[in-house]
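target-v4.cif (mmCIF, C-alpha atoms)
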```
data_protein
loop_
_atom_site.group_PDB
_atom_site.id
_atom_site.type_symbol
_atom_site.label_atom_id
_atom_site.label_comp_id
_atom_site.auth_asym_id
_atom_site.auth_seq_id
_atom_site.Cartn_x
_atom_site.Cartn_y
_atom_site.Cartn_z
ATOM 1 C CA MET A 1 -90.895 187.397 -68.930
ATOM 2 C CA SER A 2 -90.474 184.128 -70.776
ATOM 3 C CA SER A 3 -91.412 180.920 -69.003
ATOM 4 C CA PHE A 4 -87.791 179.733 -69.204
ATOM 5 C CA LYS A 5 -86.540 182.892 -67.466
ATOM 6 C CA GLU A 6 -89.213 182.531 -64.814
ATOM 7 C CA PHE A 7 -88.200 178.898 -64.246
ATOM 8 C CA ALA A 8 -84.520 179.886 -64.098
ATOM 9 C CA LEU A 9 -85.294 182.396 -61.333
ATOM 10 C CA GLU A 10 -87.312 179.818 -59.389
ATOM 11 C CA LYS A 11 -84.527 177.235 -59.745
ATOM 12 C CA GLU A 12 -82.024 179.801 -58.526
ATOM 13 C CA LYS A 13 -84.108 180.442 -55.389
ATOM 14 C CA ILE A 14 -84.483 176.710 -54.693
ATOM 15 C CA ASP A 15 -80.759 176.100 -55.166
ATOM 16 C CA PHE A 16 -79.880 179.089 -52.981
ATOM 17 C CA TYR A 17 -81.732 177.712 -49.960
ATOM 18 C CA GLN A 18 -80.502 174.161 -50.578
ATOM 19 C CA ASP A 19 -76.890 175.393 -50.760
ATOM 20 C CA LYS A 20 -77.299 177.345 -47.510
ATOM 21 C CA GLY A 21 -78.386 174.179 -45.664
ATOM 22 C CA TYR A 22 -82.114 174.859 -45.477
ATOM 23 C CA LYS A 23 -84.503 171.913 -45.665
ATOM 24 C CA ILE A 24 -88.006 171.950 -47.085
ATOM 25 C CA SER A 25 -90.421 171.846 -44.166
ATOM 26 C CA LYS A 26 -93.742 172.318 -45.948
ATOM 27 C CA VAL A 27 -95.142 172.487 -49.470
ATOM 28 C CA THR A 28 -98.657 173.763 -50.131
ATOM 29 C CA GLU A 29 -100.061 173.441 -53.643
ATOM 30 C CA SER A 30 -102.782 175.748 -54.915
ATOM 31 C CA LEU A 31 -104.077 177.042 -58.213
ATOM 32 C CA ASP A 32 -101.707 179.998 -57.837
ATOM 33 C CA GLY A 33 -98.603 177.805 -57.524
ATOM 34 C CA ALA A 34 -96.628 175.950 -54.895
ATOM 35 C CA TYR A 35 -95.784 177.647 -51.614
ATOM 36 C CA VAL A 36 -92.556 176.243 -50.216
ATOM 37 C CA GLU A 37 -91.345 176.787 -46.661
ATOM 38 C CA TYR A 38 -87.712 176.248 -45.702
ATOM 39 C CA GLU A 39 -86.103 176.013 -42.290
ATOM 40 C CA LEU A 40 -82.642 175.383 -40.942
ATOM 41 C CA GLN A 41 -82.159 172.106 -39.089
ATOM 42 C CA GLU A 42 -80.033 173.823 -36.417
ATOM 43 C CA ASN A 43 -82.403 176.760 -35.933
ATOM 44 C CA GLN A 44 -85.991 175.878 -36.761
ATOM 45 C CA GLU A 45 -87.074 179.464 -36.154
ATOM 46 C CA ASP A 46 -85.000 180.593 -39.154
ATOM 47 C CA LYS A 47 -87.666 180.154 -41.844
ATOM 48 C CA HIS A 48 -88.089 181.423 -45.377
ATOM 49 C CA SER A 49 -90.693 180.829 -48.050
ATOM 50 C CA ILE A 50 -90.917 181.063 -51.808
ATOM 51 C CA VAL A 51 -93.680 180.694 -54.383
ATOM 52 C CA LEU A 52 -93.232 178.596 -57.510
ATOM 53 C CA ASN A 53 -95.512 179.456 -60.405
ATOM 54 C CA THR A 54 -94.072 177.398 -63.251
ATOM 55 C CA ALA A 55 -94.713 173.718 -63.828
ATOM 56 C CA ASP A 56 -90.982 173.208 -64.396
ATOM 57 C CA GLY A 57 -90.220 174.852 -61.064
ATOM 58 C CA ARG A 58 -92.643 172.528 -59.278
ATOM 59 C CA LYS A 59 -91.176 169.495 -61.062
ATOM 60 C CA TYR A 60 -87.678 170.552 -60.039
ATOM 61 C CA LEU A 61 -88.872 171.009 -56.456
ATOM 62 C CA SER A 62 -90.368 167.509 -56.425
ATOM 63 C CA SER A 63 -86.970 166.028 -57.318
ATOM 64 C CA ILE A 64 -85.439 167.934 -54.387
ATOM 65 C CA VAL A 65 -88.190 166.676 -52.048
ATOM 66 C CA PHE A 66 -87.574 163.066 -53.118
ATOM 67 C CA GLU A 67 -83.833 163.437 -52.507
ATOM 68 C CA GLN A 68 -84.452 165.016 -49.108
ATOM 69 C CA GLN A 69 -86.772 162.164 -48.102
ATOM 70 C CA LYS A 70 -84.321 159.566 -49.383
ATOM 71 C CA GLU A 71 -81.584 161.119 -47.215
ATOM 72 C CA ARG A 72 -83.850 161.156 -44.171
ATOM 73 C CA PHE A 73 -84.884 157.495 -44.572
ATOM 74 C CA SER A 74 -81.321 156.319 -45.226
ATOM 75 C CA LYS A 75 -80.239 157.939 -41.921
ATOM 76 C CA GLN A 76 -82.907 155.941 -40.069
ATOM 77 C CA ASP A 77 -81.538 152.578 -41.234
#
```
Now that the file is in, can you turn its structure into structure tokens?
Amino acid sequence: MSSFKEFALEKEKIDFYQDKGYKISKVTESLDGAYVEYELQENQEDKHSIVLNTADGRKYLSSIVFEQQKERFSKQD
């Protein structure tokens, strides 16, 4: 599979959980990739996880994490 196709699949998974209202609860980086855990705000026992292997997938995830943190801090003000 080409790296672009692999990234497209990872982006699709990230967008799927974001669109369903899941928030990123934990990211663990390793040499094998980034392990991302999602949970629903309303039901914290509803958890899912994905693995990102591409550098582009991890970069895309970091932009989502920054947006999520920005939203959280703006609610605190």
(message) Please enumerate the residues selected by the PyMOL selection byres ((chain A and resi 32) around 10) when evaluated against the supplied file, formatted as a list in words.
(response) Glu29, Ser30, Leu31, Gly33, Ala34, Tyr35, Val51, Leu52, Asn53 and Thr54 of chain A
(message) Env of A:Leu9: 12 Å cut, atoms = all atoms listed in the file, seq-sep filter 4 positions within chain, self excluded. Answer as a PyMOL selection string.
(response) chain A and resi 1-5+13-16+50-54+56-57
Could you turn the residues from that selection into a file that holds C-alpha atoms, as a compact mmCIF listing (two decimals), keeping the file's coordinate frame?
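part_17.txt, written as the output of this step:
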```txt
# COMPACT_ATOMS: atom_id res chain seq x y z
CA MET A 1 -90.90 187.40 -68.93
CA SER A 2 -90.47 184.13 -70.78
CA SER A 3 -91.41 180.92 -69.00
CA PHE A 4 -87.79 179.73 -69.20
CA LYS A 5 -86.54 182.89 -67.47
CA LYS A 13 -84.11 180.44 -55.39
CA ILE A 14 -84.48 176.71 -54.69
CA ASP A 15 -80.76 176.10 -55.17
CA PHE A 16 -79.88 179.09 -52.98
CA ILE A 50 -90.92 181.06 -51.81
CA VAL A 51 -93.68 180.69 -54.38
CA LEU A 52 -93.23 178.60 -57.51
CA ASN A 53 -95.51 179.46 -60.40
CA THR A 54 -94.07 177.40 -63.25
CA ASP A 56 -90.98 173.21 -64.40
CA GLY A 57 -90.22 174.85 -61.06
```
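Near A:Asp46, within 12 Å and counting only C-alpha atoms, sit Tyr17, Lys20, Gly21, Tyr22, Lys23, Ser25, Glu37, Tyr38, Glu39, Leu40, Gln41, Glu42, Asn43 and Ser49 of chain A, not including residues fewer than 3 positions from it in the same chain.
Put simply, atom CA of A:Ser63 is 14.7 Å away from atom CA of A:Phe7.
A straight line drawn from atom CA of A:Glu10 to atom CA of A:Lys75 is 28.9 Å long.
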(request) Measure the distance from atom CA of A:Glu12 to atom CA of A:Glu71 in Å and round it to one decimal. (result) 21.8 Å
Assuming 5 Å of padding per side, give the centre and edge lengths of the axis-aligned box around every listed atom of stretch 54-64 of chain A, in Å to one decimal and as AutoDock Vina command-line options.
```
--center_x -90.1 --center_y 171.7 --center_z -59.4 --size_x 19.3 --size_y 21.4 --size_z 20.0
```
If you keep N, CA and C atoms, can you output stretch 14-53 of chain A as a PDB file, in the first residue's frame?
```pdb
ATOM      1  N   ILE A  14      -9.308   8.895  12.171  1.00  0.00           N
ATOM      2  CA  ILE A  14      -9.273  10.041  13.085  1.00  0.00           C
ATOM      3  C   ILE A  14     -10.535  10.874  12.917  1.00  0.00           C
ATOM      4  N   ASP A  15     -10.881  11.186  11.682  1.00  0.00           N
ATOM      5  CA  ASP A  15     -12.066  12.003  11.408  1.00  0.00           C
ATOM      6  C   ASP A  15     -13.350  11.308  11.854  1.00  0.00           C
ATOM      7  N   PHE A  16     -13.405   9.990  11.693  1.00  0.00           N
ATOM      8  CA  PHE A  16     -14.583   9.237  12.114  1.00  0.00           C
ATOM      9  C   PHE A  16     -14.861   9.445  13.601  1.00  0.00           C
ATOM     10  N   TYR A  17     -13.842   9.253  14.427  1.00  0.00           N
ATOM     11  CA  TYR A  17     -14.045   9.399  15.874  1.00  0.00           C
ATOM     12  C   TYR A  17     -14.311  10.846  16.263  1.00  0.00           C
ATOM     13  N   GLN A  18     -13.651  11.783  15.606  1.00  0.00           N
ATOM     14  CA  GLN A  18     -13.901  13.205  15.887  1.00  0.00           C
ATOM     15  C   GLN A  18     -15.350  13.558  15.549  1.00  0.00           C
ATOM     16  N   ASP A  19     -15.835  13.082  14.410  1.00  0.00           N
ATOM     17  CA  ASP A  19     -17.204  13.385  13.975  1.00  0.00           C
ATOM     18  C   ASP A  19     -18.247  12.756  14.891  1.00  0.00           C
ATOM     19  N   LYS A  20     -17.918  11.644  15.507  1.00  0.00           N
ATOM     20  CA  LYS A  20     -18.849  10.958  16.412  1.00  0.00           C
ATOM     21  C   LYS A  20     -18.831  11.551  17.826  1.00  0.00           C
ATOM     22  N   GLY A  21     -17.987  12.553  18.064  1.00  0.00           N
ATOM     23  CA  GLY A  21     -17.965  13.217  19.366  1.00  0.00           C
ATOM     24  C   GLY A  21     -16.945  12.670  20.348  1.00  0.00           C
ATOM     25  N   TYR A  22     -16.096  11.771  19.905  1.00  0.00           N
ATOM     26  CA  TYR A  22     -15.055  11.231  20.774  1.00  0.00           C
ATOM     27  C   TYR A  22     -13.938  12.268  20.943  1.00  0.00           C
ATOM     28  N   LYS A  23     -13.324  12.259  22.113  1.00  0.00           N
ATOM     29  CA  LYS A  23     -12.185  13.123  22.388  1.00  0.00           C
ATOM     30  C   LYS A  23     -10.958  12.248  22.621  1.00  0.00           C
ATOM     31  N   ILE A  24      -9.817  12.764  22.273  1.00  0.00           N
ATOM     32  CA  ILE A  24      -8.563  12.048  22.488  1.00  0.00           C
ATOM     33  C   ILE A  24      -8.256  12.081  23.976  1.00  0.00           C
ATOM     34  N   SER A  25      -8.101  10.912  24.572  1.00  0.00           N
ATOM     35  CA  SER A  25      -7.825  10.851  26.007  1.00  0.00           C
ATOM     36  C   SER A  25      -6.365  10.521  26.300  1.00  0.00           C
ATOM     37  N   LYS A  26      -5.697   9.872  25.345  1.00  0.00           N
ATOM     38  CA  LYS A  26      -4.302   9.493  25.594  1.00  0.00           C
ATOM     39  C   LYS A  26      -3.610   9.208  24.264  1.00  0.00           C
ATOM     40  N   VAL A  27      -2.370   9.662  24.166  1.00  0.00           N
ATOM     41  CA  VAL A  27      -1.534   9.358  23.003  1.00  0.00           C
ATOM     42  C   VAL A  27      -0.212   8.809  23.527  1.00  0.00           C
ATOM     43  N   THR A  28       0.173   7.643  23.025  1.00  0.00           N
ATOM     44  CA  THR A  28       1.433   7.023  23.413  1.00  0.00           C
ATOM     45  C   THR A  28       2.269   6.823  22.157  1.00  0.00           C
ATOM     46  N   GLU A  29       3.421   7.459  22.122  1.00  0.00           N
ATOM     47  CA  GLU A  29       4.325   7.339  20.974  1.00  0.00           C
ATOM     48  C   GLU A  29       5.316   6.208  21.219  1.00  0.00           C
ATOM     49  N   SER A  30       5.602   5.460  20.170  1.00  0.00           N
ATOM     50  CA  SER A  30       6.635   4.428  20.244  1.00  0.00           C
ATOM     51  C   SER A  30       7.295   4.332  18.877  1.00  0.00           C
ATOM     52  N   LEU A  31       8.263   3.458  18.765  1.00  0.00           N
ATOM     53  CA  LEU A  31       8.923   3.260  17.482  1.00  0.00           C
ATOM     54  C   LEU A  31       7.994   2.619  16.454  1.00  0.00           C
ATOM     55  N   ASP A  32       6.945   1.969  16.929  1.00  0.00           N
ATOM     56  CA  ASP A  32       5.980   1.324  16.037  1.00  0.00           C
ATOM     57  C   ASP A  32       4.905   2.279  15.542  1.00  0.00           C
ATOM     58  N   GLY A  33       4.779   3.452  16.148  1.00  0.00           N
ATOM     59  CA  GLY A  33       3.756   4.409  15.748  1.00  0.00           C
ATOM     60  C   GLY A  33       3.156   5.090  16.962  1.00  0.00           C
ATOM     61  N   ALA A  34       2.044   5.745  16.741  1.00  0.00           N
ATOM     62  CA  ALA A  34       1.341   6.435  17.824  1.00  0.00           C
ATOM     63  C   ALA A  34       0.065   5.658  18.139  1.00  0.00           C
ATOM     64  N   TYR A  35      -0.121   5.357  19.408  1.00  0.00           N
ATOM     65  CA  TYR A  35      -1.320   4.686  19.877  1.00  0.00           C
ATOM     66  C   TYR A  35      -2.236   5.757  20.457  1.00  0.00           C
ATOM     67  N   VAL A  36      -3.433   5.863  19.894  1.00  0.00           N
ATOM     68  CA  VAL A  36      -4.349   6.927  20.261  1.00  0.00           C
ATOM     69  C   VAL A  36      -5.587   6.305  20.896  1.00  0.00           C
ATOM     70  N   GLU A  37      -5.949   6.799  22.075  1.00  0.00           N
ATOM     71  CA  GLU A  37      -7.153   6.332  22.747  1.00  0.00           C
ATOM     72  C   GLU A  37      -8.194   7.445  22.721  1.00  0.00           C
ATOM     73  N   TYR A  38      -9.417   7.063  22.379  1.00  0.00           N
ATOM     74  CA  TYR A  38     -10.546   7.984  22.339  1.00  0.00           C
ATOM     75  C   TYR A  38     -11.566   7.576  23.380  1.00  0.00           C
ATOM     76  N   GLU A  39     -12.291   8.567  23.904  1.00  0.00           N
ATOM     77  CA  GLU A  39     -13.424   8.271  24.772  1.00  0.00           C
ATOM     78  C   GLU A  39     -14.486   9.341  24.584  1.00  0.00           C
ATOM     79  N   LEU A  40     -15.720   8.940  24.859  1.00  0.00           N
ATOM     80  CA  LEU A  40     -16.827   9.888  24.796  1.00  0.00           C
ATOM     81  C   LEU A  40     -16.871  10.687  26.089  1.00  0.00           C
ATOM     82  N   GLN A  41     -17.162  11.965  25.990  1.00  0.00           N
ATOM     83  CA  GLN A  41     -17.253  12.809  27.182  1.00  0.00           C
ATOM     84  C   GLN A  41     -18.411  12.355  28.069  1.00  0.00           C
ATOM     85  N   GLU A  42     -19.542  11.977  27.444  1.00  0.00           N
ATOM     86  CA  GLU A  42     -20.728  11.589  28.202  1.00  0.00           C
ATOM     87  C   GLU A  42     -20.592  10.209  28.839  1.00  0.00           C
ATOM     88  N   ASN A  43     -19.834   9.339  28.223  1.00  0.00           N
ATOM     89  CA  ASN A  43     -19.687   7.963  28.690  1.00  0.00           C
ATOM     90  C   ASN A  43     -18.214   7.581  28.592  1.00  0.00           C
ATOM     91  N   GLN A  44     -17.473   7.825  29.652  1.00  0.00           N
ATOM     92  CA  GLN A  44     -16.029   7.617  29.608  1.00  0.00           C
ATOM     93  C   GLN A  44     -15.636   6.143  29.553  1.00  0.00           C
ATOM     94  N   GLU A  45     -16.608   5.257  29.663  1.00  0.00           N
ATOM     95  CA  GLU A  45     -16.303   3.834  29.518  1.00  0.00           C
ATOM     96  C   GLU A  45     -16.385   3.392  28.063  1.00  0.00           C
ATOM     97  N   ASP A  46     -16.913   4.261  27.197  1.00  0.00           N
ATOM     98  CA  ASP A  46     -16.975   3.977  25.763  1.00  0.00           C
ATOM     99  C   ASP A  46     -15.660   4.437  25.140  1.00  0.00           C
ATOM    100  N   LYS A  47     -14.705   3.508  25.037  1.00  0.00           N
ATOM    101  CA  LYS A  47     -13.358   3.828  24.566  1.00  0.00           C
ATOM    102  C   LYS A  47     -13.017   3.045  23.308  1.00  0.00           C
ATOM    103  N   HIS A  48     -12.210   3.666  22.481  1.00  0.00           N
ATOM    104  CA  HIS A  48     -11.697   3.029  21.267  1.00  0.00           C
ATOM    105  C   HIS A  48     -10.252   3.451  21.099  1.00  0.00           C
ATOM    106  N   SER A  49      -9.486   2.662  20.352  1.00  0.00           N
ATOM    107  CA  SER A  49      -8.101   3.042  20.107  1.00  0.00           C
ATOM    108  C   SER A  49      -7.727   2.730  18.666  1.00  0.00           C
ATOM    109  N   ILE A  50      -6.769   3.512  18.180  1.00  0.00           N
ATOM    110  CA  ILE A  50      -6.241   3.302  16.835  1.00  0.00           C
ATOM    111  C   ILE A  50      -4.717   3.426  16.898  1.00  0.00           C
ATOM    112  N   VAL A  51      -4.063   2.928  15.870  1.00  0.00           N
ATOM    113  CA  VAL A  51      -2.613   3.037  15.756  1.00  0.00           C
ATOM    114  C   VAL A  51      -2.302   3.809  14.481  1.00  0.00           C
ATOM    115  N   LEU A  52      -1.445   4.809  14.608  1.00  0.00           N
ATOM    116  CA  LEU A  52      -1.019   5.594  13.454  1.00  0.00           C
ATOM    117  C   LEU A  52       0.433   5.252  13.148  1.00  0.00           C
ATOM    118  N   ASN A  53       0.679   4.816  11.935  1.00  0.00           N
ATOM    119  CA  ASN A  53       2.032   4.415  11.551  1.00  0.00           C
ATOM    120  C   ASN A  53       2.751   5.443  10.696  1.00  0.00           C
TER     121      ASN A  53
END
```
